Structures are given as structure tokens and as C-alpha cells.
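Shown next: work_17.cif, containing mmCIF, C-alpha atoms.
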```
data_final
#
loop_
_atom_site.label_atom_id
_atom_site.label_comp_id
_atom_site.auth_asym_id
_atom_site.auth_seq_id
_atom_site.Cartn_x
_atom_site.Cartn_y
_atom_site.Cartn_z
CA MET A 1 132.44 122.99 121.81
CA ARG A 2 131.97 119.88 123.94
CA ASP A 3 134.79 117.93 125.54
CA TYR A 4 133.61 114.42 124.72
CA GLY A 5 130.81 112.38 123.16
CA LYS A 6 129.34 109.18 124.57
CA VAL A 7 129.45 105.99 122.51
CA HIS A 8 127.90 102.79 123.88
CA THR A 9 129.76 99.52 123.41
CA THR A 10 126.70 98.18 121.55
CA PHE A 11 127.63 100.58 118.74
CA TRP A 12 129.88 97.87 117.35
CA SER A 13 127.31 95.06 117.57
CA SER A 14 124.37 97.10 116.28
CA THR A 15 122.77 95.62 113.16
CA THR A 16 122.55 99.08 111.64
CA ILE A 17 126.21 99.88 112.22
CA ARG A 18 127.43 96.47 111.08
CA GLY A 19 125.50 96.97 107.85
CA LEU A 20 127.36 100.19 107.02
CA SER A 21 130.41 100.61 104.83
CA GLU A 22 133.68 101.49 106.56
CA ASP A 23 133.34 105.14 105.58
CA ALA A 24 129.76 105.41 106.82
CA ARG A 25 130.73 103.67 110.08
CA ALA A 26 133.60 106.12 110.58
CA LEU A 27 131.31 109.06 109.84
CA ALA A 28 128.72 107.76 112.34
CA LEU A 29 131.39 107.49 115.02
CA TYR A 30 132.61 110.98 114.13
CA LEU A 31 129.10 112.44 114.50
CA LEU A 32 128.76 110.88 117.95
CA THR A 33 132.10 112.21 119.17
CA CYS A 34 132.97 115.30 117.11
CA PRO A 35 133.55 118.62 118.91
CA HIS A 36 130.65 120.23 117.04
CA GLY A 37 128.04 117.92 118.58
CA THR A 38 125.56 118.99 121.23
CA ILE A 39 123.60 117.53 124.09
CA ALA A 40 120.53 117.47 121.82
CA GLY A 41 122.13 115.43 119.05
CA VAL A 42 121.51 118.25 116.55
CA PHE A 43 124.19 120.63 115.37
CA ARG A 44 125.48 122.62 112.42
CA LEU A 45 128.23 120.84 110.48
CA PRO A 46 129.42 122.71 107.38
CA ASP A 47 131.29 120.70 104.77
CA GLY A 48 134.57 122.32 105.70
CA TYR A 49 134.36 121.19 109.33
CA ALA A 50 133.81 117.54 108.44
CA CYS A 51 136.36 117.54 105.62
CA GLU A 52 139.02 119.08 107.86
CA ASP A 53 138.34 116.83 110.86
CA LEU A 54 138.10 113.60 108.85
CA GLN A 55 140.62 114.61 106.19
CA TRP A 56 138.14 113.54 103.54
CA ALA A 57 137.13 115.08 100.22
CA PRO A 58 133.63 116.66 100.10
CA GLU A 59 132.35 113.87 97.83
CA ARG A 60 133.39 111.25 100.37
CA VAL A 61 131.59 113.09 103.17
CA ALA A 62 128.46 113.47 101.05
CA GLU A 63 128.44 109.77 100.19
CA GLY A 64 128.79 108.88 103.87
CA PHE A 65 125.80 111.05 104.77
CA ARG A 66 123.72 109.48 102.00
CA GLU A 67 124.36 106.05 103.49
CA LEU A 68 123.65 107.17 107.06
CA PHE A 69 120.39 108.74 105.90
CA ALA A 70 119.35 105.57 104.04
CA LYS A 71 119.96 103.55 107.23
CA GLY A 72 118.03 106.00 109.42
CA PHE A 73 121.06 106.90 111.52
CA ALA A 74 121.33 110.60 110.71
CA ASN A 75 119.71 113.29 108.60
CA ARG A 76 121.41 116.36 107.19
CA CYS A 77 119.83 119.46 105.70
CA GLU A 78 121.80 120.54 102.66
CA THR A 79 120.47 124.08 102.93
CA THR A 80 121.39 124.85 106.54
CA LYS A 81 124.06 122.13 107.01
CA TRP A 82 122.44 121.06 110.29
CA VAL A 83 122.73 117.40 111.26
CA TRP A 84 120.31 115.31 113.33
CA ILE A 85 121.46 112.04 114.91
CA CYS A 86 118.03 110.46 114.77
CA LYS A 87 118.13 108.21 117.87
CA HIS A 88 120.36 110.42 119.99
CA PHE A 89 117.90 110.60 122.90
CA ASP A 90 117.48 106.80 122.88
CA TRP A 91 121.18 106.54 123.70
CA ASN A 92 121.79 109.80 125.60
CA LYS A 93 118.81 110.78 127.71
CA PRO A 94 119.28 113.98 129.75
CA GLU A 95 120.31 113.00 133.27
CA ASN A 96 118.66 115.93 135.06
CA PRO A 97 116.30 118.90 134.43
CA ASN A 98 119.17 121.25 133.68
CA GLN A 99 120.45 118.99 130.91
CA ARG A 100 116.93 118.74 129.50
CA LYS A 101 116.67 122.54 129.46
CA SER A 102 120.03 122.78 127.72
CA ALA A 103 118.92 120.28 125.09
CA ALA A 104 115.68 122.20 124.56
CA LYS A 105 117.63 125.43 124.10
CA VAL A 106 119.74 123.80 121.39
CA ALA A 107 116.64 122.38 119.72
CA LEU A 108 115.00 125.79 119.59
CA SER A 109 118.08 127.17 117.81
CA ILE A 110 117.51 124.91 114.79
CA PRO A 111 116.73 127.24 111.87
CA ASP A 112 113.17 127.15 110.58
CA GLU A 113 114.62 126.61 107.10
CA CYS A 114 116.07 123.27 108.20
CA ALA A 115 114.26 120.58 106.20
CA TRP A 116 114.10 118.00 108.99
CA LYS A 117 113.12 120.38 111.83
CA PRO A 118 109.37 119.53 111.71
CA ASP A 119 110.13 115.81 112.02
CA PHE A 120 112.59 116.39 114.85
CA MET A 121 110.08 118.50 116.76
CA ARG A 122 107.33 115.95 116.23
CA VAL A 123 109.35 113.24 117.96
CA SER A 124 111.30 115.32 120.49
CA ALA A 125 109.30 118.41 121.48
CA ASP A 126 107.22 116.74 124.20
CA PHE A 127 110.27 114.95 125.60
CA LEU A 128 112.15 118.26 125.83
CA GLY A 129 109.20 120.23 127.17
CA ILE A 130 108.99 122.44 124.08
CA ASP A 131 105.65 123.97 123.16
CA TRP A 132 105.20 122.57 119.66
CA PRO A 133 101.44 122.00 119.15
CA GLU A 134 100.53 118.78 117.41
CA ASN A 135 98.16 120.66 115.15
CA ARG A 136 100.95 122.90 113.96
CA ASN A 137 101.39 121.92 110.33
CA PRO A 138 104.52 123.40 108.75
CA SER A 139 103.45 121.91 105.44
CA ALA A 140 100.07 123.63 105.28
CA THR A 141 99.47 126.38 102.82
CA VAL A 142 97.95 129.67 103.95
CA ALA A 143 95.21 130.86 101.65
CA GLU A 144 94.06 134.42 101.43
CA PRO A 145 90.34 134.43 102.33
CA PHE A 146 89.56 137.24 99.92
CA ALA A 147 91.93 137.05 96.97
CA ASN A 148 91.52 139.99 94.67
CA GLN A 149 90.18 139.58 91.18
CA LYS A 150 93.55 140.03 89.52
CA GLN A 151 95.10 137.17 91.52
CA GLU A 152 92.21 134.87 90.62
CA GLN A 153 92.49 135.73 86.94
CA GLU A 154 96.25 135.15 86.93
CA GLN A 155 95.83 131.77 88.62
CA GLU A 156 93.09 130.73 86.19
CA GLN A 157 95.23 131.74 83.22
CA GLU A 158 98.24 129.86 84.60
CA GLU A 159 96.18 126.68 85.02
CA LYS A 160 94.85 126.92 81.46
CA LEU A 161 98.38 127.29 80.11
CA GLU A 162 99.53 124.38 82.25
CA SER A 163 96.75 122.11 80.99
CA SER A 164 97.59 123.09 77.43
CA ASP A 165 101.27 122.30 77.95
CA GLU A 166 100.47 118.93 79.51
CA ASP A 167 98.12 117.92 76.70
CA SER A 168 100.55 118.94 73.96
CA SER A 169 103.77 117.65 75.54
CA PRO A 170 105.28 114.79 73.50
CA GLU A 171 106.62 113.31 76.74
CA SER A 172 103.13 113.00 78.16
CA GLY A 173 101.90 110.47 75.61
CA SER A 174 98.27 110.00 74.58
CA ALA A 175 95.29 110.35 76.85
CA ALA A 176 94.85 106.61 76.73
CA ASP A 177 98.22 105.76 78.21
CA THR A 178 98.83 108.70 80.55
CA GLY A 179 96.00 111.18 80.98
CA ASP A 180 93.30 108.66 81.88
CA LEU A 181 95.64 106.73 84.15
CA LEU A 182 96.71 109.78 86.10
CA GLY A 183 93.48 111.76 85.88
CA ASP A 184 95.21 114.73 84.23
CA SER A 185 92.31 115.64 81.99
CA GLY A 186 90.95 118.16 84.47
CA ASP A 187 91.14 119.56 87.98
CA VAL A 188 89.64 117.74 90.92
CA PRO A 189 86.75 119.86 92.24
CA GLY A 190 87.82 121.76 95.32
CA ALA A 191 91.53 121.10 94.77
CA ARG A 192 93.65 123.34 96.96
CA ASN A 193 96.49 125.46 95.68
CA CYS A 194 99.56 123.28 95.22
CA PRO A 195 102.37 124.09 97.74
CA ILE A 196 105.16 123.49 95.25
CA GLN A 197 108.02 124.78 97.38
CA ARG A 198 107.01 122.56 100.29
CA ILE A 199 106.88 119.54 98.00
CA VAL A 200 110.38 120.40 96.76
CA ALA A 201 111.52 120.68 100.39
CA LEU A 202 110.11 117.20 101.08
CA TYR A 203 111.97 115.89 98.03
CA HIS A 204 115.21 117.34 99.40
CA ARG A 205 114.58 115.94 102.88
CA GLU A 206 113.53 112.43 101.89
CA LEU A 207 115.83 111.99 98.87
CA PRO A 208 119.10 113.77 99.67
CA MET A 209 120.96 111.22 97.53
CA LEU A 210 119.31 112.54 94.35
CA ALA A 211 120.05 115.74 92.44
CA GLN A 212 119.03 118.80 94.42
CA VAL A 213 116.80 121.50 92.95
CA ARG A 214 118.73 124.76 93.10
CA GLU A 215 116.43 126.64 90.74
CA LEU A 216 113.00 125.19 90.02
CA PRO A 217 112.27 124.97 86.26
CA GLU A 218 108.76 126.00 85.28
CA GLN A 219 108.26 122.64 83.57
CA THR A 220 108.86 120.85 86.86
CA ALA A 221 106.47 123.18 88.69
CA LYS A 222 103.75 122.48 86.11
CA MET A 223 104.23 118.74 86.41
CA ILE A 224 104.01 118.88 90.21
CA ARG A 225 100.81 120.93 90.03
CA ALA A 226 99.29 118.46 87.59
CA ARG A 227 100.09 115.46 89.77
CA TRP A 228 98.74 117.32 92.83
CA ARG A 229 95.44 118.22 91.16
CA SER A 230 94.83 114.87 89.51
CA ASP A 231 93.78 113.00 92.66
CA PRO A 232 92.36 114.24 96.00
CA ALA A 233 94.64 111.81 97.85
CA ARG A 234 97.67 113.61 96.44
CA GLN A 235 96.52 116.96 97.80
CA SER A 236 98.31 116.18 101.04
CA LEU A 237 101.94 116.73 101.94
CA ASP A 238 101.85 113.49 103.91
CA TRP A 239 101.13 111.69 100.61
CA TRP A 240 104.13 113.32 98.94
CA ARG A 241 106.37 112.53 101.91
CA ASP A 242 105.35 108.87 101.69
CA PHE A 243 105.82 108.92 97.91
CA PHE A 244 109.39 110.20 98.20
CA ARG A 245 110.13 107.72 100.99
CA TYR A 246 108.88 104.94 98.71
CA VAL A 247 111.19 106.18 95.93
CA ALA A 248 114.11 106.02 98.40
CA ARG A 249 113.43 102.28 98.77
CA CYS A 250 113.65 101.65 95.01
CA PRO A 251 117.30 100.74 94.28
CA PHE A 252 117.14 101.59 90.58
CA LEU A 253 115.72 105.06 91.14
CA VAL A 254 118.41 106.07 93.66
CA GLY A 255 121.34 104.77 91.61
CA GLU A 256 122.07 101.56 93.47
CA LYS A 257 121.70 99.36 90.37
CA THR A 258 123.18 101.46 87.56
CA ASP A 259 124.61 104.91 86.98
CA PHE A 260 121.08 106.23 86.47
CA GLN A 261 119.47 108.31 89.21
CA ALA A 262 116.01 109.83 89.05
CA ASP A 263 115.52 113.52 89.75
CA LEU A 264 112.43 115.51 90.65
CA LEU A 265 111.44 116.31 87.06
CA TRP A 266 111.85 112.67 86.05
CA LEU A 267 109.71 111.51 88.97
CA VAL A 268 106.77 113.82 88.23
CA LYS A 269 106.59 113.30 84.46
CA PRO A 270 103.29 111.48 83.76
CA THR A 271 104.63 108.20 82.39
CA ASN A 272 107.43 107.89 84.95
CA PHE A 273 105.11 108.85 87.80
CA ALA A 274 102.66 106.13 86.77
CA LYS A 275 105.40 103.52 86.61
CA VAL A 276 106.63 104.42 90.10
CA ILE A 277 103.08 104.35 91.50
CA ASN A 278 102.49 100.96 89.87
CA GLY A 279 105.58 99.48 91.54
CA ASN A 280 107.70 99.00 88.42
CA TYR A 281 110.88 99.92 90.28
CA GLU A 282 110.41 98.08 93.58
CA ALA A 283 113.28 96.01 94.90
CA ARG A 284 112.81 92.39 93.86
CA ALA A 285 113.82 89.38 95.89
CA ALA A 286 116.92 87.68 94.48
#
```
How would this structure read if it were set down as C-alpha cells?
Amino acid sequence: MRDYGKVHTTFWSSTTIRGLSEDARALALYLLTCPHGTIAGVFRLPDGYACEDLQWAPERVAEGFRELFAKGFANRCETTKWVWICKHFDWNKPENPNQRKSAAKVALSIPDECAWKPDFMRVSADFLGIDWPENRNPSATVAEPFANQKQEQEQEQEEKLESSDEDSSPESGSAADTGDLLGDSGDVPGARNCPIQRIVALYHRELPMLAQVRELPEQTAKMIRARWRSDPARQSLDWWRDFFRYVARCPFLVGEKTDFQADLLWLVKPTNFAKVINGNYEARAA
């Protein structure tokens, strides 16, 4: 537990802070000064801690974090409950080598399951002197070089069933209005296995304001695989990260216009996916 947290006077004149609601501003100030914070600007903050300290209901805390995430102030992993104050080192650089070592030690204690850990390490590892190779890709899938025949047969059968489900689904529409547009009529040659769980993790990280996937329905998994295989460009986790970040900038999809909020299944259904890609939900100038 630390004794104090540093807050610069420019906190109150910052464009980001002035654009926050009163609750989000109070939560930001709390994160900068709470006893759970660390020299690295990353720390575990279970719901109970924040609710007790702020005397807020869980829903109020969650709403505050959604706003701070949307403004790029802080990120919170809902699985591990770790928080990252995104520009902490811009405001609180270590003053000596010992402080830098202490910050690195805290950074290395971030659980691997934490959704934002790869992004944090990408921007902070070199600064903290942590060995985190640039070519380390936490989103890459590891393929077995010699899969046995049974595994290959099971995968082939699964893909056939998936294609059948996609073609017969009443939500998919006709080939003319969905299949041709999205390229779902067949696999792209050389398409890699789809890392579904990593795509779900990206969805959680980039869209924490939307419904979280606690148990992945098979229908959603099939839709993700189909979208992945339909275009070589989509066979990249960077593409999916950018896609989810784009969704976060669409007010209607994240519930800023109406009571409707998209979820992962809605986003990857063929017709909806096409509409998002085509910019149907972009914010329009007043």
C-alpha cells in the first residue's frame, strides 16, 4: 500500500479530464491517488475495493470505467481486475534506477491472463528495461507441424458442418446479399486456423462496454470462423483489434444513441458485419 499518489495541477485543465462526467472524473482522481496504486500505474482493483473506497454501487463503478476506457485514460481487465492508467509514465517517470526497477517488478507481476498486458508491454517494456521481444506475438496461434490424421478429419468435418449451417441459416440471407459480399462461399486457400479465443479476448479488451462473453456459444464460434476465413486480410489479429476499435467509435453500436448495444454474436453475423464494414453506423456530423 502506498502513502500517496501524485496528481499534477494540469489534471483539472486537461481536455480529456474536462470532457469527463463528474463520476468519471472522480474515478480518474481515485485511480491516481488510491492506496492500491503502484509506481508502475498498474494494479489489481477488485470491485469490492473500489465500491468500498468510493462508496459507490458496482454499476456506478463499471460505468465510470467504461467512460475512462473510451477516453483512453485507463483500461481494466474484467477477468483479472487489473487496471492500467494508460499515460502513467508520461506524468510519473521513475526518478532513479531503483524506482525503475521497482516499476519493472510490478509490471512483471501482471498476470498473463490480463487482456491489456500485451499492449502495456509493447509501450512500456523498453522504458522499464524488461526483456519483451518485439517479435513476441501473444496473439499468434501455435500449429502442430504434424497433426495426426484424426485431428485433420475432425477439423475437416467441423468446417463442412459450419459451411452447411452458414448456407442454411435464415439470418444469413441469400448468397446475393451476404455470401458474395463477405466471400463466405468457401475457404480462402491457405487460411490459417482461426484463433477464436484470442479474438474473443480482443473483443473484451477493446469493447468492455458491451456484453461480455462468459461462455462462447457454438453459433458465435462458427460465425467468427466464417468471417476469419472469408478474406486473407481478416486472418490477422491486428485486423480484428482495429475492427473492434472501429466499433467502439460507433455511437449506436455501443449504446450511446439508444438502449440498443451490439454484442459479439450480433457483430459477426453476416448482414450486420457487412453493415459495420460498410460504415453504416459511423458517427455523423450534426
(message) Under the rule that all atoms listed in the file are counted, which of A:Phe43, A:Arg122, A:Thr38, A:Thr220 is the nearest residue to Ser102 (chain A)?
(response) A:Thr38
Take the PyMOL selection byres ((chain A and resi 34) around 10), run it mentally on this structure, and tell me the resulting residues as a short mmCIF file (atom, residue, chain, number, x, y, z; two decimals) with C-alpha atoms, in the frame of the given file.
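Saved to part-v4.cif:
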```cif
data_model
loop_
_atom_site.label_atom_id
_atom_site.label_comp_id
_atom_site.auth_asym_id
_atom_site.auth_seq_id
_atom_site.Cartn_x
_atom_site.Cartn_y
_atom_site.Cartn_z
CA MET A 1 132.44 122.99 121.81
CA ARG A 2 131.97 119.88 123.94
CA ASP A 3 134.79 117.93 125.54
CA TYR A 4 133.61 114.42 124.72
CA GLY A 5 130.81 112.38 123.16
CA LEU A 27 131.31 109.06 109.84
CA ALA A 28 128.72 107.76 112.34
CA LEU A 29 131.39 107.49 115.02
CA TYR A 30 132.61 110.98 114.13
CA LEU A 31 129.10 112.44 114.50
CA LEU A 32 128.76 110.88 117.95
CA THR A 33 132.10 112.21 119.17
CA PRO A 35 133.55 118.62 118.91
CA HIS A 36 130.65 120.23 117.04
CA GLY A 37 128.04 117.92 118.58
CA THR A 38 125.56 118.99 121.23
CA LEU A 45 128.23 120.84 110.48
CA TYR A 49 134.36 121.19 109.33
CA ALA A 50 133.81 117.54 108.44
CA ASP A 53 138.34 116.83 110.86
CA LEU A 54 138.10 113.60 108.85
#
```
(message) Please enumerate the residues selected by the PyMOL selection byres ((chain A and resi 69-78) around 9) when evaluated against the supplied file, formatted as a PyMOL selection string.
(response) chain A and resi 16-17+19-20+28+31+45+64-68+79-87+113-116+204-209+212+248-249
(request) Provide the CA of Arg25 (chain A) to CA of Arg241 (chain A) distance in Å, to one decimal place. (result)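 Rounded to one decimal, the two atoms are 27.2 Å apart.
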(message) Rounded to one decimal, what separation in Å do you get between CA of Ile199 (chain A) and CA of Glu256 (chain A)?
(response) 24.0 Å
(request) Quick one: pull the distance between CA of Leu267 (chain A) and CA of Ile224 (chain A), Å, one decimal. (result) 9.4 Å
Kindly provide, as AutoDock Vina command-line options, the centre and edge lengths (Å, one decimal) of an axis-aligned box around all atoms of region 52-66 of chain A given in the file, with 8 Å on each side.
```
--center_x 132.2 --center_y 114.0 --center_z 104.3 --size_x 32.9 --size_y 26.2 --size_z 29.0
```
(request) With the file shown as input, list the residues that the PyMOL selection byres ((chain A and resi 283) around 7) selects, as a ChimeraX atom specification. (result) /A:250-251,281-282,284-285
(message) Around (104.0, 118.0, 86.3), as given in the file, which residues come within 9 Å? Count all atoms listed in the file and list them as a ChimeraX atom specification.
(response) /A:162,166,219-228,265,268-270
(request) Using only C-alpha atoms, find the one residue out of A:Gly48, A:Trp91, A:Leu128, A:Arg214 that sits nearest to Val7 (chain A). (result)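 Result for the nearest residue to Val7 (chain A): A:Trp91.
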(message) For a quick check of understanding, using all atoms listed in the file, which of A:Lys275, A:Lys101, A:Phe252, A:Ala201 has the smallest distance to Pro118 (chain A)?
(response)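 Closest residue, counting all atoms listed in the file: A:Ala201.
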(message) Which residue is closest to Gln235 (chain A)? Choose from A:Ala57, A:Ile196, A:Ala107, A:Ile277 and count all atoms listed in the file.
(response) A:Ile196
